[in-house]
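Some notes on the structure that comes next.
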Protein chains: 2
Amino acid sequence: MSTSERLIESTRELLWERGYVGTSPKAILERAGAGQGSMYHHFKGKPDLALAAIRRTAEEMRATAAGVLDGPGTPYERIEAYLRRERDVLRGCPIGRLTMDPDVIASDELRAPVDETLDWLRERLAAIVEEGQEQGEFAPWLDGEEIAAAVVATVQGGYVLARASGSPTAFDAGVRGLLSLLMTAAPKDRPARPS
Amino acid sequence: MSTSERLIESTRELLWERGYVGTSPKAILERAGAGQGSMYHHFKGKPDLALAAIRRTAEEMRATAAGVLDGPGTPYERIEAYLRRERDVLRGCPIGRLTMDPDVIASDELRAPVDETLDWLRERLAAIVEEGQEQGEFAPWLDGEEIAAAVVATVQGGYVLARASGSPTAFDAGVRGLLSLLMTAAPKDRPARPS
DNA sequence: GTCTATACAAAGATAGAC
DNA sequence: GTCTATCTTTGTATAGAC
C-alpha cells in the first residue's frame with residue numbers, strides 16, 4: 001500500500017475512534033508509519049487529509065447500505081435486513097459520529113459528505129417504504145420520508161444508547177421496537193404477534 | 001455567582017458546544033473570567049471539573065424530561081409531548097453527544113452520569129408505554145422497553161440527522177414518523193389519518 | 001481564594017537536506 | 001517522495017506570591 005493510502009486508512013481509523021478534534025497529525029503519522037514530510041507532501045494539511053478519509057468512508061458506507069437495501073425480499077424485509085445487519089455497535093457509525101465534531105460541522109466541505117450520505121440513505125429508505133405502500137405492505141397514510149427518517153434516527157440514536165451503557169443491548173432493543181411498530185402498522189391484519 | 005459556579009457553567013457550555021476532547025482548560029477559564037489558580041483550587045483538574053459539569057447537566061436533563069413525562073394527558077400524549085417538546089435541535093443533546101467523546105467513554109466515572117440519565121429516561125418511558133397498554137392505548141404485544149429504546153434513539157438520532165444537514169427538518173420528520181407508527185399501532189381503530 | 005510565572009509535552013505546520 | 005530539524009501556539013498542570 002502506498003504511503004498516501006496508508007495515511008488515508010490511518011486517518012479513517014482514527015476519525016472513527018476519536019473523531020476529528022481528537023485526532024492529531026502526529027497520531028496519524030505514527031499509525032501510518034510515515035514522517036511529517038510525507039503527509040504534507042500528499043495533503044495540504046489535517047483538514048485536507050480528513051476530507052479524503054471522510055469521502056472514502058462515506059462511499060464505503062453507501063455501498064454497504066446499498067448492498068442490503070437493493071437485495072432480495074419485500075420492502076419490509078429489506079428494511080429489516082438493514083436494521084438488523086451486523087454492526088460493530090459499540091464503535092458507532094463512522095459517518096454519524098462526525099456530526100458531533102464541532103470542527104466538522106463548522107466546515108461546509110467536511111460536512112458535505114456526511115450530509116450527502118445520510119441524505120442518500122433517507123431517500124433510498126423512503127422509496128422502499130413507498131414501494132411497500134404500493135404493494136399494500138405498509139399503511140397508506142404513513143409518510144415515506146418520515147418513516148425513513150425514523151429508521152435512520154433509530155440506528156444513529158441506537159449507537160448513542162449502546163455507547164452510553166457500554167453494551168449493544170439498547171441498540172438491539174430500539175431496532176426491535178421500531179420493527180414491531182412497522183410490522184404492526186401494516187394495513188391488513190398480520191400475525192398478531194410480531195416475531 | 002461564585003467563581004466555582006462560573007467554572008462549572010462555562011464547562012457545561014463548552015462541553016455542549018465542543019465536547020470533552022474539544023474543550024481546553026484555557027477556554028473554560030477565559031469564558032469564566034477566572035485565572036488558572038482558581039480552577040486548580042476548586043477542582044483537581046479538567047476531568048474533575050468536567051465531572052461536576054456533566055452531573056449537573058444530567059440532573060437538569062432529567063428534571064426537564066420528568067416535567068413533561070409526569071405531566072397531564074394519556075400515555076400517548078405524554079410520549080408525544082416528550083418527542084415534540086421544544087428543543088434547540090441543532091445544538092444536539094448535551095448528554096448524548098458525550099457518548100461520541102473517546103475520553104468520556106474511556107472513563108467509567110465520566111460515563112456513569114450519561115449512562116444513568118439515558119437509562120432512567122428509557123425506564124420512565126417504558127413504564128408509560130406499559131401504562132398505555134393497560135389502558136388499551138397501545139397494542140398489548142409491544143414491548144415497553146423496546147418502544148422506549150426506539151423513542152429515545154429517535155430523538156438522539158434525530159439530532160445526528162439535523163446536524164448533518166444543518167437544519168432541524170430531519171429531526172422533526174423522524175419524530176413525526178415515529179408518532180405515526182405509534183398511533184397506528186393502537187389496538188383499537190383510531191382516526192385513520194394521524195395528524 | 002485568586003493571581004502570575006513557569007514548565008513541559010503536544011498540536012499543527014514549514015524548511016530544507018537527501 | 002521521504003526524512004529530520006525547527007518553529008509557534010496551545011494544552012494541562014504546578015509553584016509560589018498576594
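Each chain of the C-alpha cells is named A, B, ... in the order shown, its residues numbered from 1; ligands are numbered from 1 in display order.
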
Using only C-alpha atoms (C1' of nucleotides), determine which residues lie at most 12 Å from DT6 (chain C), disregarding the query and same-chain residues fewer than 4 positions distant; provide the list as number ranges by chain. D: 13-16

Hey, which bits of chain A sit within 8 Å of chain B, and for each residue what's the closest pair of atoms and how far apart in Å (one decimal), counting only C-alpha atoms, rows by chain and increasing number, as JSON lines?
{"residue": "A:Glu17", "atom": "CA", "partner": "B:Pro102", "partner_atom": "CA", "distance": 7.0}
{"residue": "A:Arg18", "atom": "CA", "partner": "B:Pro102", "partner_atom": "CA", "distance": 5.5}
{"residue": "A:Gly19", "atom": "CA", "partner": "B:Asp101", "partner_atom": "CA", "distance": 7.8}
{"residue": "A:Val21", "atom": "CA", "partner": "B:Gly22", "partner_atom": "CA", "distance": 6.0}
{"residue": "A:Gly22", "atom": "CA", "partner": "B:Val21", "partner_atom": "CA", "distance": 6.0}
{"residue": "A:Gly96", "atom": "CA", "partner": "B:Val160", "partner_atom": "CA", "distance": 6.3}
{"residue": "A:Arg97", "atom": "CA", "partner": "B:Met100", "partner_atom": "CA", "distance": 6.3}
{"residue": "A:Thr99", "atom": "CA", "partner": "B:Ala164", "partner_atom": "CA", "distance": 5.6}
{"residue": "A:Met100", "atom": "CA", "partner": "B:Arg97", "partner_atom": "CA", "distance": 6.3}
{"residue": "A:Asp101", "atom": "CA", "partner": "B:Arg18", "partner_atom": "CA", "distance": 7.0}
{"residue": "A:Pro102", "atom": "CA", "partner": "B:Arg18", "partner_atom": "CA", "distance": 5.5}
{"residue": "A:Ile105", "atom": "CA", "partner": "B:Arg163", "partner_atom": "CA", "distance": 7.4}
{"residue": "A:Arg111", "atom": "CA", "partner": "B:Ala164", "partner_atom": "CA", "distance": 6.7}
{"residue": "A:Val114", "atom": "CA", "partner": "B:Ala164", "partner_atom": "CA", "distance": 6.2}
{"residue": "A:Asp115", "atom": "CA", "partner": "B:Ala164", "partner_atom": "CA", "distance": 4.8}
{"residue": "A:Leu118", "atom": "CA", "partner": "B:Leu161", "partner_atom": "CA", "distance": 7.1}
{"residue": "A:Asp119", "atom": "CA", "partner": "B:Ser165", "partner_atom": "CA", "distance": 8.0}
{"residue": "A:Trp141", "atom": "CA", "partner": "B:Arg193", "partner_atom": "CA", "distance": 6.0}
{"residue": "A:Leu142", "atom": "CA", "partner": "B:Ser180", "partner_atom": "CA", "distance": 6.8}
{"residue": "A:Asp143", "atom": "CA", "partner": "B:Gly177", "partner_atom": "CA", "distance": 7.0}
{"residue": "A:Glu145", "atom": "CA", "partner": "B:Ala173", "partner_atom": "CA", "distance": 7.2}
{"residue": "A:Glu146", "atom": "CA", "partner": "B:Gly177", "partner_atom": "CA", "distance": 4.3}
{"residue": "A:Ile147", "atom": "CA", "partner": "B:Gly177", "partner_atom": "CA", "distance": 4.6}
{"residue": "A:Ala148", "atom": "CA", "partner": "B:Gly174", "partner_atom": "CA", "distance": 7.4}
{"residue": "A:Ala149", "atom": "CA", "partner": "B:Gly174", "partner_atom": "CA", "distance": 4.4}
{"residue": "A:Ala150", "atom": "CA", "partner": "B:Gly174", "partner_atom": "CA", "distance": 4.0}
{"residue": "A:Val151", "atom": "CA", "partner": "B:Gly174", "partner_atom": "CA", "distance": 7.7}
{"residue": "A:Val152", "atom": "CA", "partner": "B:Gly157", "partner_atom": "CA", "distance": 7.2}
{"residue": "A:Ala153", "atom": "CA", "partner": "B:Gly157", "partner_atom": "CA", "distance": 3.8}
{"residue": "A:Thr154", "atom": "CA", "partner": "B:Thr154", "partner_atom": "CA", "distance": 4.7}
{"residue": "A:Val155", "atom": "CA", "partner": "B:Gly157", "partner_atom": "CA", "distance": 6.9}
{"residue": "A:Gln156", "atom": "CA", "partner": "B:Gly157", "partner_atom": "CA", "distance": 4.5}
{"residue": "A:Gly157", "atom": "CA", "partner": "B:Ala153", "partner_atom": "CA", "distance": 3.8}
{"residue": "A:Gly158", "atom": "CA", "partner": "B:Ala153", "partner_atom": "CA", "distance": 5.1}
{"residue": "A:Val160", "atom": "CA", "partner": "B:Thr99", "partner_atom": "CA", "distance": 5.9}
{"residue": "A:Leu161", "atom": "CA", "partner": "B:Ala153", "partner_atom": "CA", "distance": 7.0}
{"residue": "A:Arg163", "atom": "CA", "partner": "B:Thr99", "partner_atom": "CA", "distance": 5.8}
{"residue": "A:Ala164", "atom": "CA", "partner": "B:Asp115", "partner_atom": "CA", "distance": 4.8}
{"residue": "A:Ser165", "atom": "CA", "partner": "B:Asp115", "partner_atom": "CA", "distance": 5.2}
{"residue": "A:Ala170", "atom": "CA", "partner": "B:Ala149", "partner_atom": "CA", "distance": 6.4}
{"residue": "A:Phe171", "atom": "CA", "partner": "B:Ala149", "partner_atom": "CA", "distance": 7.6}
{"residue": "A:Ala173", "atom": "CA", "partner": "B:Glu146", "partner_atom": "CA", "distance": 4.7}
{"residue": "A:Gly174", "atom": "CA", "partner": "B:Ala150", "partner_atom": "CA", "distance": 4.0}
{"residue": "A:Val175", "atom": "CA", "partner": "B:Ala150", "partner_atom": "CA", "distance": 6.7}
{"residue": "A:Arg176", "atom": "CA", "partner": "B:Glu146", "partner_atom": "CA", "distance": 6.3}
{"residue": "A:Gly177", "atom": "CA", "partner": "B:Glu146", "partner_atom": "CA", "distance": 4.3}
{"residue": "A:Leu178", "atom": "CA", "partner": "B:Ala150", "partner_atom": "CA", "distance": 5.9}
{"residue": "A:Ser180", "atom": "CA", "partner": "B:Leu142", "partner_atom": "CA", "distance": 6.8}
{"residue": "A:Leu181", "atom": "CA", "partner": "B:Leu181", "partner_atom": "CA", "distance": 5.9}
{"residue": "A:Leu182", "atom": "CA", "partner": "B:Leu181", "partner_atom": "CA", "distance": 6.6}
{"residue": "A:Thr184", "atom": "CA", "partner": "B:Ala185", "partner_atom": "CA", "distance": 5.5}
{"residue": "A:Ala185", "atom": "CA", "partner": "B:Ala185", "partner_atom": "CA", "distance": 5.4}
{"residue": "A:Ala192", "atom": "CA", "partner": "B:Trp141", "partner_atom": "CA", "distance": 7.7}
{"residue": "A:Arg193", "atom": "CA", "partner": "B:Trp141", "partner_atom": "CA", "distance": 6.1}
{"residue": "A:Pro194", "atom": "CA", "partner": "B:Trp141", "partner_atom": "CA", "distance": 7.9}

What's the 9 Å shell around Met61 (chain A), counting only C-alpha atoms (C1' of nucleotides), without same-chain residues fewer than 4 positions away, as a list in words?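 Near neighbours after the sequence-gap exclusion: Arg56, Thr57, Ala65, Ala66, Pro94, Ile95 and Thr117 of chain A.
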
List the neighbours of Ser4 (chain B) out to 9 Å using only C-alpha atoms (C1' of nucleotides); skip same-chain residues closer than 4 positions along the sequence, and give me the result as a ChimeraX atom specification. /B:8-9,38-39,42-43

Restricting the output to C-alpha atoms, write the selected residues as a PDB file, in the first residue's frame.
ATOM      1  CA  ILE B   8     -18.948  24.756  36.139  1.00  0.00           C
ATOM      2  CA  GLU B   9     -21.344  26.732  33.971  1.00  0.00           C
ATOM      3  CA  SER B  38      -8.957  29.314  40.662  1.00  0.00           C
ATOM      4  CA  MET B  39      -9.656  26.243  38.631  1.00  0.00           C
ATOM      5  CA  HIS B  42     -11.618  24.268  43.299  1.00  0.00           C
ATOM      6  CA  PHE B  43     -11.065  21.196  41.139  1.00  0.00           C
TER       7      PHE B  43
END

Do me a favour and pick out the residues of chain D within 12 Å of chain A, using only C-alpha atoms (C1' of nucleotides), as a list in words.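 That gives the following set of residues: DG1, DT2, DC3, DT4 and DA5 of chain D.
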
Would you save the residues from that selection as a compact mmCIF listing (two decimals), in the first residue's frame, using N, CA, C and O atoms (P, O5', C5', C4', C3', O3' and C1' of nucleotides)?
# COMPACT_ATOMS: atom_id res chain seq x y z
P DG D 1 5.40 10.93 -6.67
O5' DG D 1 5.71 10.48 -5.17
C5' DG D 1 6.56 11.26 -4.40
C4' DG D 1 7.28 10.32 -3.47
C3' DG D 1 6.68 10.33 -2.08
O3' DG D 1 7.04 9.10 -1.47
C1' DG D 1 8.80 11.39 -2.03
P DT D 2 6.33 8.66 -0.07
O5' DT D 2 7.44 8.96 1.04
C5' DT D 2 8.67 8.25 0.99
C4' DT D 2 9.69 8.91 1.90
C3' DT D 2 9.18 9.23 3.31
O3' DT D 2 9.80 8.35 4.23
C1' DT D 2 10.55 10.97 2.42
P DC D 3 9.58 8.54 5.79
O5' DC D 3 10.81 9.47 6.19
C5' DC D 3 12.15 9.02 5.92
C4' DC D 3 13.14 10.06 6.45
C3' DC D 3 12.79 10.54 7.86
O3' DC D 3 13.75 10.10 8.81
C1' DC D 3 13.16 12.39 6.38
P DT D 4 13.41 10.51 10.40
O5' DT D 4 14.30 11.79 10.62
C5' DT D 4 15.53 11.97 9.93
C4' DT D 4 16.04 13.36 10.22
C3' DT D 4 15.84 13.82 11.67
O3' DT D 4 17.03 14.51 12.06
C1' DT D 4 14.74 15.33 10.22
P DA D 5 17.09 15.24 13.52
O5' DA D 5 16.21 16.52 13.33
C5' DA D 5 16.56 17.62 14.07
C4' DA D 5 16.87 18.78 13.17
C3' DA D 5 16.61 20.08 13.92
O3' DA D 5 17.57 21.06 13.63
C1' DA D 5 15.07 19.85 12.12

Could you tell me, as a PyMOL selection string, which residues of chain B DSSP assigns to helix (DSSP H, G or I) when given the backbone? chain B and resi 3-18+25-32+36-42+46-69+75-84+89-91+96-100+102-105+108-134+144-165+169-184

Could you give me, as a list in words, the residues within 10 Å of Pro47 (chain B), counting only C-alpha atoms (C1' of nucleotides) and dropping anything in the same chain fewer than 2 positions from it? Tyr20, Phe43, Lys44, Gly45, Leu49, Ala50, Leu51, Ala52, Ala53, Asp103, Val104, Ser107, Glu109 and Leu110 of chain B

Selected residues, N, CA, C and O atoms, written as a PDB file, in the first residue's frame, please.
ATOM      1  N   TYR B  20     -15.789  16.943  25.137  1.00  0.00           N
ATOM      2  CA  TYR B  20     -14.727  16.894  26.133  1.00  0.00           C
ATOM      3  C   TYR B  20     -13.335  17.084  25.518  1.00  0.00           C
ATOM      4  O   TYR B  20     -12.576  17.930  25.963  1.00  0.00           O
ATOM      5  N   PHE B  43     -10.943  22.521  41.759  1.00  0.00           N
ATOM      6  CA  PHE B  43     -11.065  21.196  41.139  1.00  0.00           C
ATOM      7  C   PHE B  43      -9.688  20.570  40.942  1.00  0.00           C
ATOM      8  O   PHE B  43      -8.691  21.287  40.816  1.00  0.00           O
ATOM      9  N   LYS B  44      -9.671  19.279  40.905  1.00  0.00           N
ATOM     10  CA  LYS B  44      -8.386  18.574  40.786  1.00  0.00           C
ATOM     11  C   LYS B  44      -7.785  18.744  39.393  1.00  0.00           C
ATOM     12  O   LYS B  44      -6.582  18.619  39.221  1.00  0.00           O
ATOM     13  N   GLY B  45      -8.608  19.024  38.417  1.00  0.00           N
ATOM     14  CA  GLY B  45      -8.115  19.168  37.046  1.00  0.00           C
ATOM     15  C   GLY B  45      -9.287  19.130  36.085  1.00  0.00           C
ATOM     16  O   GLY B  45     -10.451  19.208  36.487  1.00  0.00           O
ATOM     17  N   LEU B  49     -13.428  18.757  36.964  1.00  0.00           N
ATOM     18  CA  LEU B  49     -14.364  19.838  36.638  1.00  0.00           C
ATOM     19  C   LEU B  49     -15.423  19.358  35.648  1.00  0.00           C
ATOM     20  O   LEU B  49     -16.620  19.663  35.793  1.00  0.00           O
ATOM     21  N   ALA B  50     -14.990  18.589  34.672  1.00  0.00           N
ATOM     22  CA  ALA B  50     -15.947  18.068  33.690  1.00  0.00           C
ATOM     23  C   ALA B  50     -16.984  17.181  34.373  1.00  0.00           C
ATOM     24  O   ALA B  50     -18.174  17.227  34.034  1.00  0.00           O
ATOM     25  N   LEU B  51     -16.547  16.409  35.339  1.00  0.00           N
ATOM     26  CA  LEU B  51     -17.482  15.524  36.041  1.00  0.00           C
ATOM     27  C   LEU B  51     -18.565  16.332  36.741  1.00  0.00           C
ATOM     28  O   LEU B  51     -19.761  16.001  36.658  1.00  0.00           O
ATOM     29  N   ALA B  52     -18.156  17.406  37.418  1.00  0.00           N
ATOM     30  CA  ALA B  52     -19.136  18.271  38.082  1.00  0.00           C
ATOM     31  C   ALA B  52     -20.112  18.852  37.062  1.00  0.00           C
ATOM     32  O   ALA B  52     -21.325  18.902  37.292  1.00  0.00           O
ATOM     33  N   ALA B  53     -19.579  19.274  35.917  1.00  0.00           N
ATOM     34  CA  ALA B  53     -20.430  19.871  34.875  1.00  0.00           C
ATOM     35  C   ALA B  53     -21.394  18.845  34.298  1.00  0.00           C
ATOM     36  O   ALA B  53     -22.588  19.118  34.131  1.00  0.00           O
ATOM     37  N   ASP B 103     -12.650  10.143  25.316  1.00  0.00           N
ATOM     38  CA  ASP B 103     -12.161  10.230  26.691  1.00  0.00           C
ATOM     39  C   ASP B 103     -13.269  10.047  27.721  1.00  0.00           C
ATOM     40  O   ASP B 103     -13.014   9.604  28.834  1.00  0.00           O
ATOM     41  N   VAL B 104     -14.496  10.409  27.339  1.00  0.00           N
ATOM     42  CA  VAL B 104     -15.626  10.184  28.245  1.00  0.00           C
ATOM     43  C   VAL B 104     -15.943   8.693  28.319  1.00  0.00           C
ATOM     44  O   VAL B 104     -16.132   8.130  29.404  1.00  0.00           O
ATOM     45  N   SER B 107     -13.631   6.631  30.406  1.00  0.00           N
ATOM     46  CA  SER B 107     -13.644   6.822  31.853  1.00  0.00           C
ATOM     47  C   SER B 107     -14.984   6.403  32.450  1.00  0.00           C
ATOM     48  O   SER B 107     -16.010   7.017  32.172  1.00  0.00           O
ATOM     49  N   GLU B 109     -16.063   6.878  35.312  1.00  0.00           N
ATOM     50  CA  GLU B 109     -16.616   7.946  36.138  1.00  0.00           C
ATOM     51  C   GLU B 109     -17.352   8.991  35.288  1.00  0.00           C
ATOM     52  O   GLU B 109     -18.433   9.447  35.665  1.00  0.00           O
ATOM     53  N   LEU B 110     -16.752   9.386  34.183  1.00  0.00           N
ATOM     54  CA  LEU B 110     -17.401  10.393  33.343  1.00  0.00           C
ATOM     55  C   LEU B 110     -18.604   9.807  32.604  1.00  0.00           C
ATOM     56  O   LEU B 110     -19.604  10.490  32.366  1.00  0.00           O
TER      57      LEU B 110
END

Hey, could you make a per-residue contact list for chain A against chain C with 9 Å as the cut-off, showing the nearest pair of atoms and its distance in Å to one decimal, counting only C-alpha atoms (C1' of nucleotides), sorted by chain and number, as a tab-separated table?
residue	atom	partner	partner_atom	distance
A:Ser24	CA	C:DA11	C1'	6.7
A:Pro25	CA	C:DG12	C1'	7.4
A:Lys26	CA	C:DA11	C1'	8.0
A:Tyr40	CA	C:DA13	C1'	8.6
A:Gly45	CA	C:DA13	C1'	8.0
A:Lys46	CA	C:DG12	C1'	8.2

Put those residues in a file: all heavy atoms, as an mmCIF file, in the first residue's frame.
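Saved as out36.cif:
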data_model
loop_
_atom_site.group_PDB
_atom_site.id
_atom_site.type_symbol
_atom_site.label_atom_id
_atom_site.label_comp_id
_atom_site.auth_asym_id
_atom_site.auth_seq_id
_atom_site.Cartn_x
_atom_site.Cartn_y
_atom_site.Cartn_z
ATOM 1 N N SER A 24 -4.845 13.769 16.026
ATOM 2 C CA SER A 24 -3.736 14.664 15.698
ATOM 3 C C SER A 24 -2.930 14.110 14.527
ATOM 4 O O SER A 24 -2.851 12.897 14.344
ATOM 5 C CB SER A 24 -2.819 14.820 16.902
ATOM 6 O OG SER A 24 -2.146 13.607 17.162
ATOM 7 N N PRO A 25 -2.338 15.004 13.749
ATOM 8 C CA PRO A 25 -1.447 14.576 12.677
ATOM 9 C C PRO A 25 -0.383 13.610 13.199
ATOM 10 O O PRO A 25 -0.086 12.613 12.556
ATOM 11 C CB PRO A 25 -0.812 15.891 12.224
ATOM 12 C CG PRO A 25 -1.811 16.925 12.539
ATOM 13 C CD PRO A 25 -2.501 16.463 13.773
ATOM 14 N N LYS A 26 0.126 13.894 14.371
ATOM 15 C CA LYS A 26 1.153 13.030 14.930
ATOM 16 C C LYS A 26 0.661 11.593 15.072
ATOM 17 O O LYS A 26 1.358 10.641 14.714
ATOM 18 C CB LYS A 26 1.572 13.570 16.304
ATOM 19 C CG LYS A 26 2.837 12.947 16.841
ATOM 20 C CD LYS A 26 3.096 13.399 18.267
ATOM 21 C CE LYS A 26 4.337 12.715 18.842
ATOM 22 N NZ LYS A 26 4.459 12.944 20.292
ATOM 23 N N TYR A 40 2.545 16.164 4.511
ATOM 24 C CA TYR A 40 2.392 17.500 3.932
ATOM 25 C C TYR A 40 2.790 17.531 2.455
ATOM 26 O O TYR A 40 2.572 18.523 1.775
ATOM 27 C CB TYR A 40 3.165 18.533 4.758
ATOM 28 C CG TYR A 40 2.473 18.810 6.077
ATOM 29 C CD1 TYR A 40 2.900 18.213 7.257
ATOM 30 C CD2 TYR A 40 1.351 19.630 6.124
ATOM 31 C CE1 TYR A 40 2.244 18.441 8.453
ATOM 32 C CE2 TYR A 40 0.690 19.868 7.312
ATOM 33 C CZ TYR A 40 1.140 19.265 8.474
ATOM 34 O OH TYR A 40 0.477 19.497 9.660
ATOM 35 N N GLY A 45 -2.861 19.522 4.537
ATOM 36 C CA GLY A 45 -2.848 19.613 5.999
ATOM 37 C C GLY A 45 -3.873 18.665 6.570
ATOM 38 O O GLY A 45 -4.448 17.833 5.862
ATOM 39 N N LYS A 46 -4.134 18.801 7.851
ATOM 40 C CA LYS A 46 -5.075 17.894 8.504
ATOM 41 C C LYS A 46 -6.474 17.918 7.873
ATOM 42 O O LYS A 46 -7.046 16.856 7.615
ATOM 43 C CB LYS A 46 -5.147 18.227 9.996
ATOM 44 C CG LYS A 46 -6.120 17.377 10.803
ATOM 45 C CD LYS A 46 -6.155 17.792 12.274
ATOM 46 C CE LYS A 46 -7.353 17.169 12.985
ATOM 47 N NZ LYS A 46 -7.452 17.546 14.418
#

Rounded to one decimal place, report the CA of Arg87 (chain A)-CA of Ala126 (chain A) distance in Å.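 Between CA of Arg87 (chain A) and CA of Ala126 (chain A) the gap is 21.9 Å.
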
Separation of CA of Gly71 (chain B) from CA of Glu134 (chain B), in Å and rounded to one decimal: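 Between CA of Gly71 (chain B) and CA of Glu134 (chain B) the gap is 18.4 Å.
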
Tell me, as a VMD selection string, which residues lie within 12 Å of Asp70 (chain B), counting only C-alpha atoms (C1' of nucleotides); anything in the same chain fewer than 5 positions away does not count. chain B and resid 62 to 65 75 77 to 79 81 to 82 121 124 to 125 127 to 128

Between CA of Ser10 (chain B) and CA of Val68 (chain B), distance in Å (one decimal):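 These two atoms are separated by 26.9 Å.
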